[in-house]
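Student: Provided herewith: query.txt, compact mmCIF, C-alpha atoms and all ligand atoms.
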# COMPACT_ATOMS: atom_id res chain seq x y z
CA MET W 1 54.49 210.54 164.86
CA SER W 2 55.16 214.17 165.76
CA GLU W 3 53.11 217.33 166.15
CA CYS W 4 55.21 220.14 164.68
CA GLY W 5 53.16 223.28 164.26
CA CYS W 6 49.77 224.91 164.69
CA LEU W 7 47.38 226.03 161.93
CA VAL W 8 43.77 227.17 162.35
CA GLY W 9 44.00 226.08 165.95
CA ARG W 10 44.96 222.43 165.26
CA PRO W 11 48.46 220.99 165.15
CA VAL W 12 50.15 219.89 161.93
CA MET W 13 51.04 216.21 162.13
CA GLU W 14 54.05 214.53 160.57
CA VAL W 15 54.67 210.78 160.42
CA GLU W 16 57.42 208.53 159.14
CA SER W 17 55.89 206.08 156.66
CA ARG W 18 57.53 203.16 154.90
CA TYR W 19 56.24 202.30 151.43
CA VAL W 20 56.79 199.61 148.83
CA ALA W 21 57.92 200.77 145.38
CA VAL W 22 58.99 199.02 142.18
CA ARG W 23 62.66 199.43 141.27
CA HIS W 24 61.83 199.55 137.52
CA HIS W 25 58.96 198.73 135.15
CA VAL W 26 57.93 195.07 135.40
CA GLU W 27 57.09 193.41 132.07
CA GLY W 28 56.86 189.64 132.66
CA PHE W 29 56.49 187.57 135.82
CA PRO W 30 57.07 189.75 138.89
CA SER W 31 59.73 188.70 141.37
CA GLU W 32 60.44 189.91 144.90
CA GLU W 33 63.66 191.55 143.63
CA ASP W 34 61.54 193.96 141.55
CA PHE W 35 60.47 195.74 144.76
CA LYS W 36 62.07 197.70 147.54
CA VAL W 37 60.82 199.18 150.82
CA LYS W 38 61.53 202.91 151.11
CA THR W 39 60.93 205.41 153.89
CA GLY W 40 59.41 208.87 153.60
CA ARG W 41 57.57 211.42 155.73
CA LEU W 42 53.97 212.50 155.38
CA ARG W 43 52.70 215.82 156.66
CA TRP W 44 49.01 216.33 157.44
CA ARG W 45 47.73 219.90 157.68
CA PRO W 46 44.33 220.83 159.11
CA GLU W 47 43.54 223.17 156.19
CA SER W 48 44.28 220.47 153.59
CA GLY W 49 40.90 218.72 153.69
CA GLU W 50 42.90 215.47 153.83
CA VAL W 51 42.51 212.44 156.07
CA LEU W 52 45.61 210.73 157.50
CA VAL W 53 45.06 206.98 157.73
CA ARG W 54 47.16 204.36 159.53
CA ASN W 55 46.86 201.40 157.16
CA LEU W 56 45.80 198.12 158.76
CA TYR W 57 45.20 195.79 155.79
CA LEU W 58 46.41 196.09 152.19
CA SER W 59 44.78 194.37 149.25
CA MET W 60 46.92 192.43 146.77
CA ASP W 61 45.35 192.70 143.30
CA PRO W 62 46.63 191.25 140.01
CA TYR W 63 45.77 194.42 138.03
CA GLN W 64 48.66 196.20 139.77
CA LEU W 65 51.05 194.23 137.53
CA ASN W 66 49.61 195.95 134.46
CA ARG W 67 50.15 199.31 136.17
CA MET W 68 53.83 198.35 136.65
CA LYS W 69 54.37 197.89 132.88
CA ARG W 70 55.83 200.67 130.78
CA ARG W 71 52.77 200.45 128.50
CA SER W 72 49.44 198.68 129.02
CA PRO W 73 45.89 199.22 127.72
CA SER W 74 44.91 199.39 131.40
CA HIS W 75 46.66 202.78 131.71
CA VAL W 76 43.69 204.46 130.01
CA ALA W 77 41.62 203.62 133.08
CA VAL W 78 44.15 203.57 135.91
CA ASP W 79 47.49 205.38 136.10
CA GLY W 80 50.72 203.52 135.49
CA ILE W 81 53.06 203.13 138.47
CA VAL W 82 56.23 205.22 138.44
CA PRO W 83 59.34 203.31 139.61
CA GLY W 84 60.50 204.51 143.01
CA GLU W 85 57.19 206.17 143.86
CA ARG W 86 54.41 205.09 146.23
CA ILE W 87 51.77 202.68 144.91
CA THR W 88 48.08 203.36 145.46
CA ALA W 89 46.14 200.25 146.44
CA TYR W 90 42.91 199.25 148.12
CA GLY W 91 43.03 198.66 151.82
CA ALA W 92 41.52 199.34 155.21
CA GLY W 93 42.88 201.57 157.95
CA LYS W 94 42.19 203.75 160.96
CA VAL W 95 41.86 207.54 160.78
CA VAL W 96 44.56 209.24 162.88
CA ALA W 97 43.83 212.82 161.79
CA SER W 98 41.01 214.27 159.73
CA ALA W 99 40.34 217.61 158.14
CA CYS W 100 37.22 216.25 156.47
CA ALA W 101 33.77 216.43 158.15
CA GLU W 102 32.84 212.88 157.02
CA TYR W 103 35.62 211.19 159.02
CA LYS W 104 36.84 211.52 162.59
CA GLU W 105 39.85 210.21 164.44
CA GLY W 106 39.45 206.51 165.26
CA ASP W 107 37.08 205.72 162.35
CA VAL W 108 37.92 202.55 160.45
CA VAL W 109 37.78 203.20 156.71
CA ALA W 110 38.20 201.12 153.54
CA GLY W 111 39.07 202.36 150.08
CA LEU W 112 41.96 203.51 147.92
CA LEU W 113 45.02 203.78 150.22
CA GLY W 114 48.55 202.62 149.37
CA TRP W 115 51.21 199.96 149.90
CA GLU W 116 52.55 201.97 152.84
CA ASP W 117 52.25 202.43 156.60
CA TYR W 118 50.22 205.66 156.37
CA THR W 119 48.24 207.28 153.56
CA LEU W 120 47.16 210.88 153.14
CA VAL W 121 43.75 210.55 151.55
CA PRO W 122 42.33 213.51 149.63
CA ALA W 123 38.76 214.61 150.40
CA GLY W 124 36.01 212.79 148.44
CA PRO W 125 34.69 209.22 148.10
CA ARG W 126 37.25 206.49 147.27
CA ALA W 127 35.83 203.00 147.71
CA GLY W 128 36.25 199.52 146.20
CA THR W 129 36.82 195.78 146.81
CA SER W 130 36.93 192.49 144.92
CA GLY W 131 33.56 191.52 146.42
CA ILE W 132 31.67 194.09 144.40
CA THR W 133 33.59 192.95 141.29
CA ALA W 134 32.22 189.45 141.79
CA TYR W 135 28.73 190.70 142.64
CA ASP W 136 28.18 193.15 139.81
CA GLY W 137 30.29 191.18 137.35
CA PHE W 138 28.05 188.19 137.92
CA PHE W 139 24.60 189.68 138.49
CA GLU W 140 24.80 192.78 136.25
CA VAL W 141 27.06 191.59 133.44
CA CYS W 142 26.10 187.90 133.26
CA LYS W 143 22.40 188.29 134.19
CA PRO W 144 22.02 184.69 135.44
CA GLN W 145 18.79 182.72 135.17
CA ARG W 146 17.80 179.79 137.41
CA GLY W 147 19.24 176.49 136.15
CA GLU W 148 21.87 178.04 133.85
CA LYS W 149 25.30 176.45 133.65
CA VAL W 150 28.16 178.63 134.85
CA PHE W 151 31.90 178.16 134.44
CA VAL W 152 34.34 180.20 136.60
CA SER W 153 38.14 180.27 136.17
CA ALA W 154 40.62 181.11 138.99
CA ALA W 155 37.68 179.85 141.01
CA SER W 156 39.41 179.62 144.38
CA GLY W 157 40.66 183.21 144.18
CA SER W 158 39.22 186.33 145.69
CA VAL W 159 36.74 187.12 142.90
CA GLY W 160 36.20 183.57 141.62
CA SER W 161 35.35 182.03 145.01
CA LEU W 162 32.56 184.59 145.45
CA VAL W 163 31.25 184.29 141.89
CA GLY W 164 30.77 180.53 142.37
CA GLN W 165 28.89 181.06 145.62
CA PHE W 166 26.72 183.78 144.05
CA ALA W 167 25.94 181.39 141.17
CA LYS W 168 24.64 178.81 143.68
CA LEU W 169 22.51 181.51 145.37
CA ALA W 170 21.07 182.24 141.90
CA SER W 171 20.20 178.51 141.56
CA CYS W 172 22.68 177.92 138.76
CA TYR W 173 24.86 174.87 138.14
CA VAL W 174 28.49 175.94 138.67
CA VAL W 175 31.84 174.38 137.84
CA GLY W 176 35.14 176.04 138.73
CA CYS W 177 38.71 175.40 137.69
CA ALA W 178 41.74 176.06 139.88
CA GLY W 179 45.44 175.21 139.97
CA SER W 180 45.73 172.57 142.72
CA ASN W 181 43.82 169.61 144.13
CA ALA W 182 43.54 171.34 147.53
CA LYS W 183 41.79 174.26 145.82
CA VAL W 184 39.47 171.84 143.99
CA ASP W 185 38.55 170.20 147.34
CA LEU W 186 37.76 173.61 148.83
CA LEU W 187 35.47 174.49 145.92
CA LYS W 188 33.56 171.20 146.00
CA ASN W 189 33.49 170.45 149.71
CA GLU W 190 33.32 173.86 151.40
CA LEU W 191 32.09 176.46 148.93
CA GLY W 192 29.25 174.44 147.37
CA PHE W 193 30.43 174.33 143.74
CA ASP W 194 28.67 171.50 141.89
CA ASP W 195 31.99 170.41 140.43
CA ALA W 196 35.57 171.60 140.05
CA PHE W 197 38.78 170.49 138.39
CA ASN W 198 42.51 171.13 138.44
CA TYR W 199 43.28 172.77 135.08
CA LYS W 200 46.97 171.86 135.44
CA GLU W 201 45.96 168.19 135.13
CA GLU W 202 43.93 168.85 131.95
CA PRO W 203 46.27 169.26 128.98
CA ASP W 204 43.28 169.60 126.64
CA MET W 205 41.02 172.28 128.15
CA LYS W 206 38.47 172.05 125.33
CA SER W 207 37.76 168.38 125.94
CA ALA W 208 37.77 168.91 129.72
CA LEU W 209 35.01 171.52 129.36
CA LYS W 210 33.01 169.26 127.01
CA ARG W 211 33.20 166.62 129.78
CA TYR W 212 32.19 168.95 132.62
CA PHE W 213 29.48 170.67 130.55
CA PRO W 214 27.93 168.01 128.26
CA ASP W 215 24.98 170.42 127.69
CA GLY W 216 27.20 173.47 127.14
CA ILE W 217 28.04 176.60 129.15
CA ASP W 218 25.54 179.47 129.47
CA ILE W 219 27.78 181.85 131.44
CA TYR W 220 31.55 182.04 131.57
CA PHE W 221 33.08 184.33 134.21
CA ASP W 222 36.62 184.79 132.93
CA ASN W 223 39.45 185.67 135.30
CA VAL W 224 42.33 184.25 133.27
CA GLY W 225 41.94 184.83 129.48
CA GLY W 226 44.32 182.92 127.15
CA LYS W 227 43.66 179.25 126.31
CA THR W 228 40.94 178.98 128.96
CA LEU W 229 38.88 181.69 127.27
CA GLU W 230 39.33 180.03 123.87
CA ALA W 231 38.20 176.67 125.29
CA ALA W 232 35.20 178.15 127.12
CA LEU W 233 34.00 179.91 123.96
CA ALA W 234 34.09 176.58 122.13
CA SER W 235 31.64 175.14 124.70
CA MET W 236 29.28 178.11 124.98
CA ASN W 237 25.58 177.70 124.25
CA THR W 238 23.64 179.97 121.90
CA HIS W 239 23.04 183.36 123.56
CA GLY W 240 25.69 182.57 126.16
CA ARG W 241 27.28 185.44 128.12
CA VAL W 242 30.96 185.89 128.86
CA ALA W 243 32.09 188.39 131.50
CA LEU W 244 35.70 189.40 130.87
CA CYS W 245 36.78 190.26 134.40
CA GLY W 246 40.51 189.59 134.13
CA ALA W 247 43.13 187.87 131.98
CA ILE W 248 45.79 186.97 134.55
CA SER W 249 47.45 184.36 132.32
CA GLU W 250 48.15 187.16 129.83
CA TYR W 251 49.46 189.70 132.37
CA THR W 252 52.73 187.79 132.70
CA ASP W 253 52.93 186.54 129.13
CA ALA W 254 51.68 188.87 126.41
CA GLY W 255 52.67 186.23 123.81
CA HIS W 256 49.78 184.01 124.87
CA ARG W 257 46.77 186.18 124.09
CA ALA W 258 43.44 184.41 123.47
CA SER W 259 42.58 184.05 119.80
CA PRO W 260 39.04 182.68 119.93
CA ASP W 261 37.16 181.25 116.99
CA LEU W 262 35.03 184.28 116.13
CA LEU W 263 32.61 182.21 114.04
CA GLU W 264 31.61 180.48 117.31
CA VAL W 265 30.88 183.89 118.77
CA ILE W 266 28.92 185.11 115.75
CA TYR W 267 26.78 182.07 115.01
CA LYS W 268 26.02 181.30 118.66
CA ARG W 269 25.36 185.03 119.22
CA ILE W 270 27.53 185.05 122.32
CA ALA W 271 27.69 188.32 124.26
CA ILE W 272 31.22 189.04 125.48
CA ARG W 273 31.54 192.01 127.80
CA GLY W 274 34.61 193.41 129.52
CA PHE W 275 33.98 195.45 132.63
CA VAL W 276 35.85 197.33 135.32
CA ILE W 277 34.50 197.67 138.76
CA TRP W 278 34.64 201.47 138.85
CA GLU W 279 31.53 201.60 136.67
CA PHE W 280 29.54 200.00 139.50
CA LEU W 281 30.87 201.90 142.52
CA THR W 282 27.68 203.96 142.84
CA ARG W 283 26.07 200.68 143.96
CA PHE W 284 28.65 200.15 146.70
CA SER W 285 26.31 200.69 149.67
CA GLU W 286 23.63 198.44 148.13
CA PHE W 287 26.29 195.75 147.65
CA THR W 288 27.65 196.09 151.21
CA GLY W 289 24.16 195.64 152.69
CA ILE W 290 23.41 192.51 150.64
CA ILE W 291 26.80 190.83 151.12
CA SER W 292 26.82 191.55 154.89
CA ASP W 293 23.42 189.84 155.22
CA TRP W 294 24.57 186.84 153.18
CA ILE W 295 27.73 186.46 155.27
CA CYS W 296 25.79 186.78 158.57
CA GLN W 297 23.24 184.23 157.36
CA GLY W 298 26.05 181.81 156.41
CA LYS W 299 25.05 181.91 152.72
CA VAL W 300 28.45 183.20 151.57
CA GLN W 301 31.84 182.31 152.96
CA PRO W 302 34.58 184.89 152.32
CA ILE W 303 38.02 183.27 152.11
CA GLU W 304 41.07 185.27 153.18
CA ASP W 305 44.78 184.56 152.88
CA VAL W 306 46.74 186.96 155.09
CA SER W 307 50.49 187.74 155.20
CA ASN W 308 52.05 189.89 157.91
CA GLY W 309 54.05 193.10 157.68
CA LEU W 310 54.78 195.67 154.95
CA GLU W 311 57.98 193.83 154.03
CA SER W 312 55.84 190.81 153.00
CA VAL W 313 54.07 192.84 150.23
CA PRO W 314 56.50 191.70 147.45
CA SER W 315 56.08 187.99 148.27
CA ALA W 316 52.32 188.35 148.84
CA PHE W 317 51.91 190.10 145.48
CA THR W 318 54.06 187.67 143.48
CA ALA W 319 52.14 184.77 145.09
CA LEU W 320 49.08 185.77 143.01
CA PHE W 321 50.92 184.87 139.81
CA LEU W 322 52.26 181.60 141.20
CA GLY W 323 48.81 180.47 142.36
CA LEU W 324 50.00 180.37 145.99
CA ASN W 325 47.01 182.26 147.42
CA ILE W 326 43.62 180.81 148.33
CA GLY W 327 40.92 183.48 148.46
CA LYS W 328 41.51 187.18 148.99
CA LYS W 329 45.22 187.93 149.41
CA LEU W 330 45.79 190.57 152.09
CA VAL W 331 48.76 191.96 153.98
CA LYS W 332 48.16 192.87 157.64
CA LEU W 333 50.19 195.87 158.77
CA ALA W 334 48.95 196.63 162.26
N1 LIG K 401 37.48 193.91 136.02
C1 LIG K 401 37.68 194.31 137.28
O1 LIG K 401 37.21 195.36 137.72
C2 LIG K 401 38.49 193.43 138.19
C3 LIG K 401 38.51 193.66 139.57
C4 LIG K 401 39.21 192.76 140.40
C5 LIG K 401 39.90 191.69 139.82
N2 LIG K 401 39.89 191.55 138.46
C6 LIG K 401 40.58 190.43 137.81
O2 LIG K 401 40.00 189.23 138.27
C7 LIG K 401 40.98 188.19 138.25
C8 LIG K 401 41.05 187.55 139.65
O3 LIG K 401 41.52 188.54 140.56
P1 LIG K 401 41.60 188.21 142.11
O4 LIG K 401 41.92 189.47 142.81
O5 LIG K 401 40.40 187.44 142.50
O6 LIG K 401 42.89 187.27 142.16
P2 LIG K 401 42.93 185.80 142.74
O7 LIG K 401 42.05 184.96 141.85
O8 LIG K 401 42.66 185.82 144.20
O9 LIG K 401 44.46 185.39 142.57
C9 LIG K 401 44.97 185.12 141.33
C10 LIG K 401 44.80 183.61 140.96
O10 LIG K 401 44.87 183.49 139.56
C11 LIG K 401 45.32 182.20 139.22
N3 LIG K 401 46.36 182.30 138.19
C12 LIG K 401 47.54 182.95 138.26
N4 LIG K 401 48.22 182.81 137.12
C13 LIG K 401 47.44 182.04 136.31
C14 LIG K 401 47.60 181.55 134.98
N5 LIG K 401 48.70 181.81 134.25
N6 LIG K 401 46.59 180.80 134.45
C15 LIG K 401 45.48 180.54 135.16
N7 LIG K 401 45.28 180.97 136.43
C16 LIG K 401 46.25 181.73 136.98
C17 LIG K 401 45.94 181.58 140.49
O11 LIG K 401 45.07 180.54 140.93
P3 LIG K 401 45.23 179.03 140.37
O12 LIG K 401 45.96 178.28 141.43
O13 LIG K 401 43.83 178.61 140.21
O14 LIG K 401 46.01 179.10 139.10
C18 LIG K 401 45.93 182.72 141.50
O15 LIG K 401 45.70 182.28 142.80
C19 LIG K 401 42.29 188.83 137.83
O16 LIG K 401 42.47 188.63 136.45
C20 LIG K 401 42.05 190.30 138.13
O17 LIG K 401 42.88 191.16 137.37
C21 LIG K 401 39.20 192.39 137.65
Could you express the structure from this file as structure tokens?
Tutor:
Amino acid sequence: MSECGCLVGRPVMEVESRYVAVRHHVEGFPSEEDFKVKTGRLRWRPESGEVLVRNLYLSMDPYQLNRMKRRSPSHVAVDGIVPGERITAYGAGKVVASACAEYKEGDVVAGLLGWEDYTLVPAGPRAGTSGITAYDGFFEVCKPQRGEKVFVSAASGSVGSLVGQFAKLASCYVVGCAGSNAKVDLLKNELGFDDAFNYKEEPDMKSALKRYFPDGIDIYFDNVGGKTLEAALASMNTHGRVALCGAISEYTDAGHRASPDLLEVIYKRIAIRGFVIWEFLTRFSEFTGIISDWICQGKVQPIEDVSNGLESVPSAFTALFLGLNIGKKLVKLA
């Protein structure tokens, strides 16, 4: 890091910052070869209003794959990623220089940063995490009632593992599915799910769900789309609610889109609602207070899966699509 000038009495600061970029648009399964680590320089100026952040932890999120595609419906809500350029991403870091009254040097901040060593953050609020996705997706979109039966897919992941625990706090009956027996053990024996199963050992998802939910499903929290969504809809009860949070099985294979039986939806009057977390960010401080209390009281157990170093971003990201992560996938930089 170097100080290389002086404006309005404070020095300009310039840092060398490595960043991870995609070599080209990524259309199917991502592989480590799709990425490269590049080096650039960032210059912070006191009159810019910007905050220079040394990134400490980076969040690995499946939605980034849709940003990497040449075209995706997700681009209406979040910009596509340009090959060769830096990639914005959620993370946490430490302020090293600030031209913004809200932040001072040494503050630890969380929000929209980047897959890079340092980020220049423009003035203004930029917050977000998977925890609030699980919280508002479950409580606001699904509106659970005591005793209702809840099904969660990708249940050992970042969002799913929290949704299942929130469902227990709401006195619901919750079953999760995940892609390995170790994940199933975690759900049943550590996270308090009433039941769980390995979907890779269930060739017929519809009959598996009939077995796990003999009285039907009231709420389905969908993280994967595809065949799982079709099967869940076939087991939904009248006036059931489906929260479409993600469709990870379709991100890597657009040929396997869900084609549910719409008569099921109509005659059972099922409410299906897609949501994106940005619509709930005004509730961020309310969420942080509640989740902090639950974690301190031992009511919720956050699960983290941490890789080390910026160069591990490509393998950490591709792990999401291979089911290699358990809980929130993070990369620790410093
Ligand atoms: N709407 C929003 O605002 C919002 C916000 C955050 C996340 N999301 C979405 O929520 C979902 C979960 O995100 P997350 O961050 O919590 O990721 P995650 O669940 O921690 O990681 C992804 C998991 O998905 C499962 N998976 C991968 N490919 C699959 C496939 N083809 N079929 C079934 N399962 C598959 C894997 O677990 P298994 O071993 O169980 O297969 C993998 O570990 C994603 O779809 C994501 O895009 C939406």
Student: Report, in Å with one decimal, the straight-line distance from atom CA of Ser31 of chain W to atom CA of Leu310 of chain W.
Tutor: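 A separation of 16.0 Å between them.
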Student: Have a look at W:Tyr19, W:Tyr90, W:Phe35, W:Tyr212 and name the one nearest to Thr318 of chain W; count all atoms listed in the file.
Tutor: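 Of the candidates, the smallest distance to Thr318 of chain W is held by W:Phe35.
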Student: When you look at Tyr57 of chain W with a cut-off of 8 Å (counting all atoms listed in the file), what residues show up, excluding the ones that are within fewer than 2 positions of it in the same chain? I need them as a ChimeraX atom specification.
Tutor: /W:55,59,91-93,330-334
Student: Taking all atoms listed in the file and a cut-off of 7 Å, can you tell me which residues surround ligand LIG 401 (chain K), written as a ChimeraX atom specification?
Tutor: /W:61-63,130,133,154-160,177-180,223-224,245-250,275-278,320-329
Student: Fewer than 3 positions away in the same chain doesn't count, so skip those; otherwise give me all residues within 6 Å of segment 111-123 of chain W, counting only C-alpha atoms, as number ranges by chain.
Tutor: W: 17-20, 49-55, 87-91, 126-128
Student: Filtering to C-alpha atoms, could you give me those residues as a PDB file, in the coordinates of the input?
Tutor:
ATOM      1  CA  SER W  17      55.890 206.080 156.660  1.00  0.00           C
ATOM      2  CA  ARG W  18      57.530 203.160 154.900  1.00  0.00           C
ATOM      3  CA  TYR W  19      56.240 202.300 151.430  1.00  0.00           C
ATOM      4  CA  VAL W  20      56.790 199.610 148.830  1.00  0.00           C
ATOM      5  CA  GLY W  49      40.900 218.720 153.690  1.00  0.00           C
ATOM      6  CA  GLU W  50      42.900 215.470 153.830  1.00  0.00           C
ATOM      7  CA  VAL W  51      42.510 212.440 156.070  1.00  0.00           C
ATOM      8  CA  LEU W  52      45.610 210.730 157.500  1.00  0.00           C
ATOM      9  CA  VAL W  53      45.060 206.980 157.730  1.00  0.00           C
ATOM     10  CA  ARG W  54      47.160 204.360 159.530  1.00  0.00           C
ATOM     11  CA  ASN W  55      46.860 201.400 157.160  1.00  0.00           C
ATOM     12  CA  ILE W  87      51.770 202.680 144.910  1.00  0.00           C
ATOM     13  CA  THR W  88      48.080 203.360 145.460  1.00  0.00           C
ATOM     14  CA  ALA W  89      46.140 200.250 146.440  1.00  0.00           C
ATOM     15  CA  TYR W  90      42.910 199.250 148.120  1.00  0.00           C
ATOM     16  CA  GLY W  91      43.030 198.660 151.820  1.00  0.00           C
ATOM     17  CA  ARG W 126      37.250 206.490 147.270  1.00  0.00           C
ATOM     18  CA  ALA W 127      35.830 203.000 147.710  1.00  0.00           C
ATOM     19  CA  GLY W 128      36.250 199.520 146.200  1.00  0.00           C
TER      20      GLY W 128
END
